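**Q** File run.csv follows (CSV, C-alpha atoms and all ligand atoms):
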```
chain,number,residue,atom,x,y,z
A,1,MET,CA,7.6,6.7,4.0
A,2,GLN,CA,10.6,7.4,6.3
A,3,GLY,CA,13.6,7.7,4.0
A,4,ALA,CA,11.8,6.4,1.0
A,5,THR,CA,12.0,7.7,-2.6
A,6,VAL,CA,8.7,8.5,-4.1
A,7,THR,CA,8.0,9.4,-7.8
A,8,ILE,CA,4.9,11.3,-8.7
A,9,THR,CA,4.0,11.4,-12.4
A,10,GLY,CA,2.2,14.6,-13.3
A,11,GLY,CA,3.6,15.9,-10.1
A,12,THR,CA,3.2,19.6,-10.7
A,13,GLY,CA,-0.6,19.5,-10.7
A,14,SER,CA,-3.0,20.1,-7.8
A,15,PHE,CA,-2.8,16.5,-6.6
A,16,GLY,CA,1.0,16.4,-6.9
A,17,SER,CA,1.6,19.7,-5.0
A,18,THR,CA,-0.7,18.6,-2.1
A,19,MET,CA,0.9,15.1,-2.0
A,20,VAL,CA,4.4,16.6,-2.0
A,21,GLY,CA,3.6,18.9,0.9
A,22,HIS,CA,2.2,15.9,2.8
A,23,LEU,CA,5.2,13.6,2.0
A,24,LEU,CA,7.8,16.2,3.1
A,25,THR,CA,6.2,16.4,6.5
A,26,ARG,CA,6.3,12.6,6.7
A,27,GLY,CA,10.1,12.2,6.5
A,28,VAL,CA,10.3,11.1,2.9
A,29,GLY,CA,13.9,10.7,1.6
A,30,GLU,CA,13.4,12.0,-2.0
A,31,VAL,CA,10.4,13.0,-4.2
A,32,HIS,CA,10.9,12.7,-8.0
A,33,ILE,CA,8.5,14.9,-9.9
A,34,LEU,CA,8.1,13.7,-13.5
A,35,SER,CA,6.2,16.2,-15.7
A,36,ARG,CA,6.3,18.0,-19.1
A,37,ASP,CA,6.1,21.7,-18.0
A,38,GLU,CA,9.4,23.3,-17.1
A,39,THR,CA,7.8,26.5,-15.9
A,40,LYS,CA,5.5,24.7,-13.4
A,41,GLN,CA,8.5,22.7,-12.2
A,42,ASP,CA,10.4,25.9,-11.6
A,43,ASP,CA,7.5,27.4,-9.7
A,44,MET,CA,7.3,24.3,-7.6
A,45,ARG,CA,11.0,24.3,-7.0
A,46,THR,CA,11.0,27.8,-5.6
A,47,ARG,CA,7.7,27.4,-3.7
A,48,PHE,CA,8.9,24.3,-1.7
A,49,ALA,CA,12.6,25.2,-1.7
A,50,ASP,CA,13.4,21.7,-0.4
A,51,SER,CA,16.5,19.7,-1.6
A,52,ARG,CA,14.6,16.4,-1.3
A,53,LEU,CA,12.5,17.4,-4.4
A,54,LYS,CA,14.1,16.3,-7.7
A,55,PHE,CA,12.6,17.4,-11.0
A,56,PHE,CA,12.5,15.2,-14.1
A,57,LEU,CA,11.4,16.7,-17.4
A,58,GLY,CA,9.7,14.1,-19.5
A,59,ASP,CA,6.5,12.5,-20.5
A,60,VAL,CA,4.8,9.2,-19.6
A,61,ARG,CA,4.6,8.7,-23.4
A,62,ASP,CA,8.4,8.5,-23.5
A,63,PRO,CA,9.5,5.2,-21.8
A,64,ASP,CA,13.1,6.4,-21.4
A,65,SER,CA,12.0,9.5,-19.4
A,66,VAL,CA,9.9,7.3,-17.2
A,67,ALA,CA,12.7,4.9,-16.6
A,68,ASP,CA,15.0,7.7,-15.7
A,69,ALA,CA,12.7,9.2,-13.1
A,70,LEU,CA,12.1,5.8,-11.5
A,71,ILE,CA,15.8,5.0,-10.8
A,72,GLY,CA,16.0,4.2,-7.0
A,73,THR,CA,12.2,4.7,-6.5
A,74,ASP,CA,10.3,2.8,-3.9
A,75,PHE,CA,6.8,4.0,-4.5
A,76,VAL,CA,5.0,5.7,-7.5
A,77,PHE,CA,1.8,7.8,-7.6
A,78,HIS,CA,0.7,7.9,-11.2
A,79,ALA,CA,-1.3,11.1,-11.6
A,80,ALA,CA,-0.1,12.2,-15.1
A,81,ALA,CA,-3.2,12.2,-17.3
A,82,LEU,CA,-5.2,14.1,-19.9
A,83,LYS,CA,-8.3,14.8,-17.8
A,84,GLN,CA,-10.4,17.4,-19.5
A,85,VAL,CA,-13.5,16.0,-21.1
A,86,PRO,CA,-13.7,18.3,-24.2
A,87,SER,CA,-10.0,18.2,-25.2
A,88,CYS,CA,-10.1,14.3,-25.1
A,89,GLU,CA,-13.3,14.4,-27.1
A,90,PHE,CA,-11.6,16.4,-29.9
A,91,PHE,CA,-8.3,14.5,-29.7
A,92,PRO,CA,-9.1,11.0,-28.5
A,93,GLN,CA,-5.8,9.6,-29.9
A,94,GLN,CA,-4.0,11.9,-27.5
A,95,ALA,CA,-6.0,10.5,-24.6
A,96,VAL,CA,-5.0,7.0,-25.7
A,97,LYS,CA,-1.3,8.0,-25.9
A,98,THR,CA,-1.1,9.6,-22.5
A,99,ASN,CA,-3.8,7.7,-20.4
A,100,VAL,CA,-3.5,4.2,-21.9
A,101,LEU,CA,0.0,3.8,-23.4
A,102,GLY,CA,1.6,6.2,-20.9
A,103,SER,CA,0.1,4.2,-18.0
A,104,HIS,CA,1.4,1.0,-19.6
A,105,ASN,CA,4.9,2.6,-19.8
A,106,VAL,CA,4.7,3.5,-16.1
A,107,VAL,CA,3.7,0.0,-14.9
A,108,GLU,CA,6.4,-1.7,-17.1
A,109,ALA,CA,9.1,0.7,-16.0
A,110,ALA,CA,8.1,0.4,-12.3
A,111,ALA,CA,8.3,-3.4,-12.5
A,112,ALA,CA,11.7,-3.2,-14.3
A,113,ALA,CA,13.0,-0.8,-11.6
A,114,GLY,CA,11.8,-3.1,-8.8
A,115,VAL,CA,9.4,-0.4,-7.4
A,116,ARG,CA,7.4,-1.8,-4.4
A,117,ALA,CA,4.1,-0.1,-5.0
A,118,VAL,CA,2.3,1.9,-7.8
A,119,VAL,CA,-1.0,3.7,-7.2
A,120,PHE,CA,-2.9,4.7,-10.3
A,121,LEU,CA,-5.3,7.6,-10.1
A,122,SER,CA,-8.6,7.1,-12.0
A,123,THR,CA,-12.0,8.9,-12.1
A,124,ASP,CA,-15.7,8.1,-11.7
A,125,LYS,CA,-15.9,9.0,-15.4
A,126,ALA,CA,-14.1,5.6,-16.2
A,127,VAL,CA,-17.2,3.7,-15.1
A,128,TYR,CA,-19.7,3.1,-17.9
A,129,PRO,CA,-17.7,5.7,-19.8
A,130,VAL,CA,-19.5,7.9,-22.4
A,131,ASN,CA,-16.6,10.2,-23.3
A,132,ALA,CA,-13.0,9.6,-24.6
A,133,MET,CA,-11.5,10.8,-21.3
A,134,GLY,CA,-13.4,8.2,-19.3
A,135,MET,CA,-12.9,5.5,-21.9
A,136,SER,CA,-9.1,6.0,-21.9
A,137,LYS,CA,-9.1,6.0,-18.1
A,138,ALA,CA,-11.1,2.8,-18.1
A,139,LEU,CA,-8.4,1.3,-20.3
A,140,MET,CA,-5.8,2.6,-17.9
A,141,GLU,CA,-7.6,0.7,-15.1
A,142,LYS,CA,-7.7,-2.5,-17.2
A,143,THR,CA,-3.9,-2.1,-18.0
A,144,ALA,CA,-3.1,-1.9,-14.3
A,145,GLN,CA,-5.4,-4.8,-13.4
A,146,ALA,CA,-4.0,-6.9,-16.2
A,147,PHE,CA,-0.5,-6.4,-14.9
A,148,ALA,CA,-1.6,-7.5,-11.4
A,149,ARG,CA,-3.4,-10.6,-12.8
A,150,SER,CA,-0.6,-11.8,-15.0
A,151,HIS,CA,2.3,-11.1,-12.6
A,152,PRO,CA,1.1,-12.7,-9.3
A,153,GLY,CA,4.6,-13.0,-7.9
A,154,SER,CA,5.8,-9.5,-8.8
A,155,ARG,CA,7.6,-7.4,-6.3
A,156,THR,CA,5.5,-4.4,-7.6
A,157,THR,CA,2.1,-4.0,-6.0
A,158,VAL,CA,-0.2,-2.2,-8.4
A,159,SER,CA,-3.5,-0.6,-7.1
A,160,LEU,CA,-6.1,1.9,-8.3
A,161,THR,CA,-8.1,4.7,-6.8
A,162,ARG,CA,-11.1,6.4,-8.4
A,163,TYR,CA,-12.4,9.7,-7.4
A,164,GLY,CA,-15.1,12.1,-8.2
A,165,ASN,CA,-15.1,15.8,-8.7
A,166,VAL,CA,-12.5,17.6,-6.6
A,167,MET,CA,-14.0,20.8,-5.2
A,168,TYR,CA,-12.3,24.1,-6.4
A,169,SER,CA,-9.9,22.2,-8.7
A,170,ARG,CA,-8.5,24.3,-11.5
A,171,GLY,CA,-10.9,24.7,-14.4
A,172,SER,CA,-13.9,23.2,-12.5
A,173,VAL,CA,-17.4,24.7,-12.0
A,174,ILE,CA,-16.9,26.1,-8.5
A,175,PRO,CA,-14.2,28.7,-9.3
A,176,LEU,CA,-16.3,29.5,-12.4
A,177,PHE,CA,-19.4,30.2,-10.3
A,178,VAL,CA,-17.2,32.4,-8.0
A,179,ARG,CA,-15.9,34.4,-11.0
A,180,GLN,CA,-19.4,34.8,-12.5
A,181,LEU,CA,-20.7,36.1,-9.1
A,182,GLN,CA,-17.9,38.5,-8.6
A,183,ALA,CA,-18.5,39.9,-12.2
A,184,GLY,CA,-22.2,40.2,-11.5
A,185,LEU,CA,-23.0,37.7,-14.2
A,186,PRO,CA,-25.8,35.0,-14.1
A,187,LEU,CA,-24.6,31.6,-13.0
A,188,THR,CA,-24.5,29.2,-16.0
A,189,VAL,CA,-26.1,25.9,-14.9
A,190,THR,CA,-26.0,23.0,-17.4
A,191,GLU,CA,-28.8,20.9,-16.1
A,192,PRO,CA,-30.2,21.7,-12.6
A,193,ARG,CA,-30.9,18.1,-11.7
A,194,MET,CA,-27.4,16.9,-12.6
A,195,THR,CA,-25.5,15.4,-9.6
A,196,ARG,CA,-21.8,15.1,-8.9
A,197,PHE,CA,-19.8,13.5,-6.0
A,198,LEU,CA,-18.0,16.1,-3.9
A,199,MET,CA,-14.4,15.5,-2.6
A,200,SER,CA,-11.8,17.9,-1.3
A,201,LEU,CA,-8.2,17.8,-2.4
A,202,PRO,CA,-6.9,16.6,1.0
A,203,GLU,CA,-9.5,13.8,0.8
A,204,SER,CA,-8.2,12.7,-2.6
A,205,VAL,CA,-4.6,12.6,-1.2
A,206,GLY,CA,-6.0,10.6,1.8
A,207,LEU,CA,-7.6,8.1,-0.6
A,208,VAL,CA,-4.3,7.6,-2.5
A,209,GLU,CA,-2.4,7.2,0.8
A,210,TYR,CA,-5.0,4.7,2.0
A,211,ALA,CA,-4.6,2.6,-1.2
A,212,PHE,CA,-0.9,2.8,-0.9
A,213,THR,CA,-1.0,1.5,2.7
A,214,HIS,CA,-3.6,-1.2,2.3
A,215,ALA,CA,-3.5,-2.5,-1.2
A,216,GLU,CA,-3.2,-6.1,-2.3
A,217,PRO,CA,-2.2,-6.4,-6.0
A,218,GLY,CA,-4.9,-5.2,-8.3
A,219,ASP,CA,-7.1,-3.6,-5.6
A,220,LEU,CA,-9.4,-0.7,-6.4
A,221,PHE,CA,-10.3,1.9,-3.7
A,222,VAL,CA,-12.9,4.6,-3.7
A,223,ARG,CA,-13.8,7.0,-1.0
A,224,LYS,CA,-17.4,7.3,0.0
A,225,ALA,CA,-18.6,10.8,-0.8
A,226,PRO,CA,-21.7,12.8,-0.7
A,227,ALA,CA,-23.2,14.5,-3.8
A,228,CYS,CA,-25.4,17.5,-4.6
A,229,THR,CA,-27.2,18.8,-7.7
A,230,VAL,CA,-25.6,21.6,-9.7
A,231,GLU,CA,-28.5,23.8,-8.9
A,232,VAL,CA,-27.9,23.4,-5.2
A,233,LEU,CA,-24.1,23.9,-5.8
A,234,ALA,CA,-24.7,27.1,-7.6
A,235,ARG,CA,-27.1,28.4,-4.9
A,236,ALA,CA,-24.7,27.4,-2.1
A,237,VAL,CA,-21.7,29.2,-3.7
A,238,ALA,CA,-23.9,32.3,-4.3
A,239,SER,CA,-25.2,32.3,-0.7
A,240,LEU,CA,-21.6,32.0,0.7
A,241,LEU,CA,-20.7,35.1,-1.4
A,242,GLY,CA,-23.7,37.0,0.0
A,243,VAL,CA,-26.1,36.5,-3.0
A,244,GLU,CA,-29.3,34.8,-1.8
A,245,ALA,CA,-31.3,34.9,-5.0
A,246,PRO,CA,-28.8,34.3,-7.8
A,247,GLU,CA,-29.8,34.5,-11.5
A,248,LEU,CA,-29.4,31.0,-13.0
A,249,LYS,CA,-29.0,30.7,-16.7
A,250,ARG,CA,-29.7,27.2,-17.9
A,251,ILE,CA,-27.3,26.2,-20.7
A,252,GLY,CA,-28.0,22.5,-21.1
A,253,THR,CA,-25.9,19.4,-20.9
A,254,ARG,CA,-22.5,19.7,-22.5
A,255,HIS,CA,-20.8,17.2,-24.8
A,256,GLY,CA,-19.9,14.0,-23.2
A,257,GLU,CA,-21.6,14.7,-19.9
A,258,LYS,CA,-23.7,12.3,-17.8
A,259,LEU,CA,-26.6,13.2,-15.6
A,260,HIS,CA,-25.1,11.2,-12.7
A,261,GLU,CA,-21.7,9.7,-12.2
A,262,THR,CA,-20.9,6.2,-10.9
A,263,LEU,CA,-18.0,5.5,-8.6
A,264,LEU,CA,-18.6,1.7,-8.4
A,265,SER,CA,-20.6,-0.5,-10.8
A,266,ARG,CA,-23.0,-3.1,-9.4
A,267,GLU,CA,-20.5,-5.9,-10.3
A,268,GLU,CA,-17.9,-4.1,-8.2
A,269,MET,CA,-20.4,-3.5,-5.4
A,270,VAL,CA,-20.9,-7.3,-5.1
A,271,LYS,CA,-17.2,-7.7,-4.3
A,272,ALA,CA,-16.7,-4.4,-2.4
A,273,GLN,CA,-15.6,-4.5,1.2
A,274,ASP,CA,-16.8,-1.7,3.4
A,275,ARG,CA,-13.8,-0.1,5.1
A,276,GLY,CA,-15.5,2.8,6.9
A,277,ASP,CA,-14.7,5.9,4.8
A,278,TYR,CA,-13.6,3.7,1.9
A,279,PHE,CA,-14.7,0.7,-0.3
A,280,ARG,CA,-12.1,-1.8,-1.3
A,281,VAL,CA,-12.8,-3.9,-4.4
A,282,PRO,CA,-10.4,-6.8,-4.8
A,283,LEU,CA,-9.0,-7.8,-8.2
A,284,ASP,CA,-11.1,-10.0,-10.4
A,285,ALA,CA,-8.4,-12.6,-10.6
A,286,ARG,CA,-10.3,-15.1,-12.8
A,287,SER,CA,-7.9,-16.6,-15.4
A,288,LEU,CA,-8.5,-15.8,-19.0
A,289,GLN,CA,-10.2,-19.1,-19.7
A,290,TYR,CA,-12.9,-18.4,-22.2
A,291,GLU,CA,-15.5,-20.7,-20.6
A,292,LEU,CA,-15.5,-18.6,-17.5
A,293,TYR,CA,-16.6,-15.7,-19.6
A,294,TYR,CA,-19.1,-17.5,-21.8
A,295,GLU,CA,-20.6,-20.1,-19.5
A,296,GLU,CA,-20.5,-18.7,-15.9
A,297,GLY,CA,-22.3,-15.6,-14.8
A,298,ALA,CA,-22.6,-13.8,-11.5
A,299,PRO,CA,-26.3,-14.0,-10.4
A,300,GLU,CA,-25.6,-12.0,-7.2
A,301,ALA,CA,-24.7,-8.9,-9.4
A,302,ASN,CA,-28.5,-8.5,-10.0
A,303,THR,CA,-29.2,-7.8,-6.3
A,304,PHE,CA,-26.8,-4.8,-6.1
A,305,ASP,CA,-27.1,-1.3,-7.3
A,306,ASP,CA,-24.4,0.9,-8.8
A,307,TYR,CA,-22.9,3.4,-6.3
A,308,THR,CA,-23.7,6.7,-7.9
A,309,SER,CA,-23.9,10.4,-7.3
A,310,GLU,CA,-27.7,9.9,-7.5
A,311,ASN,CA,-28.1,7.3,-4.7
A,312,THR,CA,-25.3,8.4,-2.4
A,313,THR,CA,-25.9,10.8,0.5
A,314,ARG,CA,-27.5,13.8,-1.1
A,315,LEU,CA,-26.7,17.2,0.4
A,316,ASP,CA,-29.3,20.0,0.6
A,317,LEU,CA,-28.4,23.7,0.4
A,318,GLU,CA,-27.4,24.2,4.0
A,319,GLN,CA,-25.3,20.9,4.0
A,320,THR,CA,-23.6,21.9,0.8
A,321,LYS,CA,-22.8,25.3,2.2
A,322,ALA,CA,-21.3,23.7,5.3
A,323,LEU,CA,-19.2,21.4,3.2
A,324,LEU,CA,-17.9,24.3,1.0
A,325,LEU,CA,-17.1,26.3,4.1
A,326,GLN,CA,-14.5,23.7,5.1
A,327,LEU,CA,-12.5,24.7,2.0
A,328,PRO,CA,-9.8,27.3,2.7
A,329,GLU,CA,-10.9,29.1,-0.5
A,330,PHE,CA,-14.4,29.7,0.8
A,331,GLN,CA,-13.3,30.7,4.3
A,332,ALA,CA,-11.3,33.5,2.7
A,333,LEU,CA,-14.2,34.5,0.3
A,334,ALA,CA,-16.9,34.3,2.9
A,335,GLY,CA,-14.8,36.4,5.2
A,336,SER,CA,-14.4,39.1,2.6
A,337,ALA,CA,-18.1,39.0,1.6
A,338,ARG,CA,-19.2,39.9,5.2
A,401,LIG,O1,-20.8,26.4,-16.5
A,401,LIG,C1,-21.0,25.3,-16.0
A,401,LIG,C2,-20.0,24.2,-16.0
A,401,LIG,C3,-20.3,23.0,-15.4
A,401,LIG,N1,-21.5,22.8,-14.8
A,401,LIG,C4,-21.8,21.5,-14.2
A,401,LIG,O2,-21.1,21.4,-13.0
A,401,LIG,C5,-20.8,20.0,-12.8
A,401,LIG,C6,-19.3,19.9,-12.6
A,401,LIG,O3,-18.6,20.3,-13.8
A,401,LIG,P1,-17.0,20.4,-13.9
A,401,LIG,O4,-16.5,21.1,-12.6
A,401,LIG,O5,-16.7,21.0,-15.2
A,401,LIG,O6,-16.5,18.9,-13.7
A,401,LIG,P2,-16.8,17.6,-14.6
A,401,LIG,O7,-17.1,18.0,-16.0
A,401,LIG,O8,-17.8,16.8,-13.9
A,401,LIG,O9,-15.4,16.9,-14.6
A,401,LIG,C7,-14.4,17.1,-13.5
A,401,LIG,O10,-14.5,16.1,-12.6
A,401,LIG,C8,-14.0,14.8,-13.1
A,401,LIG,C9,-14.2,13.8,-12.0
A,401,LIG,O11,-15.5,13.3,-12.1
A,401,LIG,C10,-12.5,15.0,-13.5
A,401,LIG,O12,-12.0,13.7,-13.9
A,401,LIG,C11,-12.4,16.0,-14.6
A,401,LIG,O13,-11.1,16.2,-14.9
A,401,LIG,C12,-13.0,17.3,-14.1
A,401,LIG,O14,-13.0,18.3,-15.1
A,401,LIG,C13,-21.3,19.2,-14.0
A,401,LIG,O15,-22.5,18.7,-13.6
A,401,LIG,C14,-21.5,20.3,-15.0
A,401,LIG,O16,-22.6,20.0,-15.9
A,401,LIG,C15,-22.4,23.8,-14.8
A,401,LIG,O17,-23.6,23.6,-14.3
A,401,LIG,N2,-22.2,25.0,-15.4
```
Translate the structure described by the file into structure tokens.
**A**
Amino acid sequence: MQGATVTITGGTGSFGSTMVGHLLTRGVGEVHILSRDETKQDDMRTRFADSRLKFFLGDVRDPDSVADALIGTDFVFHAAALKQVPSCEFFPQQAVKTNVLGSHNVVEAAAAAGVRAVVFLSTDKAVYPVNAMGMSKALMEKTAQAFARSHPGSRTTVSLTRYGNVMYSRGSVIPLFVRQLQAGLPLTVTEPRMTRFLMSLPESVGLVEYAFTHAEPGDLFVRKAPACTVEVLARAVASLLGVEAPELKRIGTRHGEKLHETLLSREEMVKAQDRGDYFRVPLDARSLQYELYYEEGAPEANTFDDYTSENTTRLDLEQTKALLLQLPEFQALAGSAR
């Protein structure tokens, strides 16, 4: 990173801000932030007050704006995305434009600019997708992998990361539970048995950095993560705010939601290499010869299970509380609840 120029698409979001803070302490030369929202850019400019940050107003849908931001860039973290399940459900063509076509623009512009590495950020919802957000992210993954497969000699190394729910991220269930508790309202639980992987924001940045450092073209990386049910999550949040018997209001599964999420499919688990905190899944570099698809299977796939939020390490109430207490937000809240 020393002296390098890094571009972060969607750089004003939670991931972008955390990554920028991290890069600035690692001697980065310049960070280009490409995003659509001028107000968020201005907030970030004043917050960091660092001349190494350069802001590019634009959109991954607009190839010219991507090409502009990538001039002189060594590395790209592609975080720009439409990631809300409901909005993508109502406007799937918008998800295609940003998540699929926008990602294609990023990989093409990166190759044209001679960028050395691009890391794409994906989600567990892209595995066996049931909603438009997950489907469009799955196609983003295929777009990145297709580039790696069809450009074996490229200077640009493309890799992917997939992550699960980031705890306390904007618009997610944990800050919602906190607000409900503070207002004295019941906690709205969709389906008590539903499970989700739990990751912190610094862990998601660590995953992207790991991919960036270790990737061969087309690699996919996930971080091993524990999970809990939403009932346990609701009770853990309540307990940390001093409410031991919270009222839970069951609202039922929302549109496009799965009971459990999958970080790696069984076909990916067959090829996955265990790297301690991470799994690395190398590119399926089979050529596009039809007979390989029609006539050759992979019998070993039948002996593996998917890696899911149901079969990963399951946290109980006390373990979930301990995990939440590692977040700065809960340290502040638990302190004020005492
Ligand atoms: O009032 C609520 C809202 C949500 N939930 C549940 O809480 C869990 C987490 O929900 P939420 O925080 O809304 O996250 P997800 O819908 O799982 O999606 C998030 O996590 C994904 C990664 O899996 C990201 O890609 C998405 O952008 C992000 O919104 C789910 O089981 C929900 O059913 C409730 O029980 N009650």
**Q** Interatomic distance between atom C1 of ligand LIG 401 (chain A) and CA of Phe90 in chain A?
**A**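 One can read the atom C1 of ligand LIG 401 (chain A) to CA of Phe90 in chain A distance as 19.0 Å.
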**Q** Excluding Ala234 in chain A and any residue of its chain fewer than 3 positions from it, enumerate the residues within 12 Å of it, using all atoms listed in the file, and give them as an MDAnalysis selection string.
**A** chainID A and resid 173:181 186:195 228:231 237:241 243:250 316:317 320:321 324
**Q** Would you list the residues near (-11.0, 21.9, -7.1), meaning any protein, DNA or RNA residue with an atom at most 12 Å from that point in file coordinates, counting all atoms listed in the file, as number ranges by chain?
**A** A: 13-15, 18, 164-176, 198-204, 324, 327-330
**Q** Which one is closest to ligand LIG 401 (chain A): A:Met133, A:Ala148, A:Met269, A:Leu185? Count only C-alpha atoms and all ligand atoms.
**A**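 Among the listed residues, A:Met133 lies closest to ligand LIG 401 (chain A).
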**Q** Figure out the distance between CA of Ile33 in chain A and CA of Phe56 in chain A, please, to one decimal in Å.
**A** 5.8 Å
**Q** What separation in Å, quoted to one decimal, exists between atom C6 of ligand LIG 401 (chain A) and CA of Leu315 in chain A?
**A** 15.2 Å
**Q** Restore N, CA and C atoms in range 9-20 of chain A and list the result as a compact mmCIF listing (two decimals), in the coordinates of the input.
**A**
```txt
# COMPACT_ATOMS: atom_id res chain seq x y z
N THR A 9 4.15 11.00 -11.01
CA THR A 9 4.00 11.40 -12.40
C THR A 9 2.93 12.49 -12.46
N GLY A 10 3.11 13.47 -13.32
CA GLY A 10 2.20 14.60 -13.30
C GLY A 10 2.23 15.34 -12.02
N GLY A 11 3.44 15.39 -11.46
CA GLY A 11 3.60 15.90 -10.10
C GLY A 11 3.44 17.34 -9.85
N THR A 12 3.34 18.15 -10.93
CA THR A 12 3.20 19.60 -10.70
C THR A 12 1.73 20.03 -10.61
N GLY A 13 0.80 19.11 -10.79
CA GLY A 13 -0.60 19.50 -10.70
C GLY A 13 -1.09 19.66 -9.27
N SER A 14 -2.41 19.87 -9.10
CA SER A 14 -3.00 20.10 -7.80
C SER A 14 -2.72 18.93 -6.85
N PHE A 15 -2.98 17.72 -7.38
CA PHE A 15 -2.80 16.50 -6.60
C PHE A 15 -1.29 16.44 -6.16
N GLY A 16 -0.39 16.59 -7.17
CA GLY A 16 1.00 16.40 -6.90
C GLY A 16 1.52 17.40 -5.84
N SER A 17 1.12 18.68 -5.96
CA SER A 17 1.60 19.70 -5.00
C SER A 17 1.12 19.33 -3.58
N THR A 18 -0.16 18.91 -3.47
CA THR A 18 -0.70 18.60 -2.10
C THR A 18 0.02 17.36 -1.58
N MET A 19 0.23 16.37 -2.44
CA MET A 19 0.90 15.10 -2.00
C MET A 19 2.35 15.44 -1.58
N VAL A 20 3.04 16.29 -2.35
CA VAL A 20 4.40 16.60 -2.00
C VAL A 20 4.49 17.27 -0.63
```
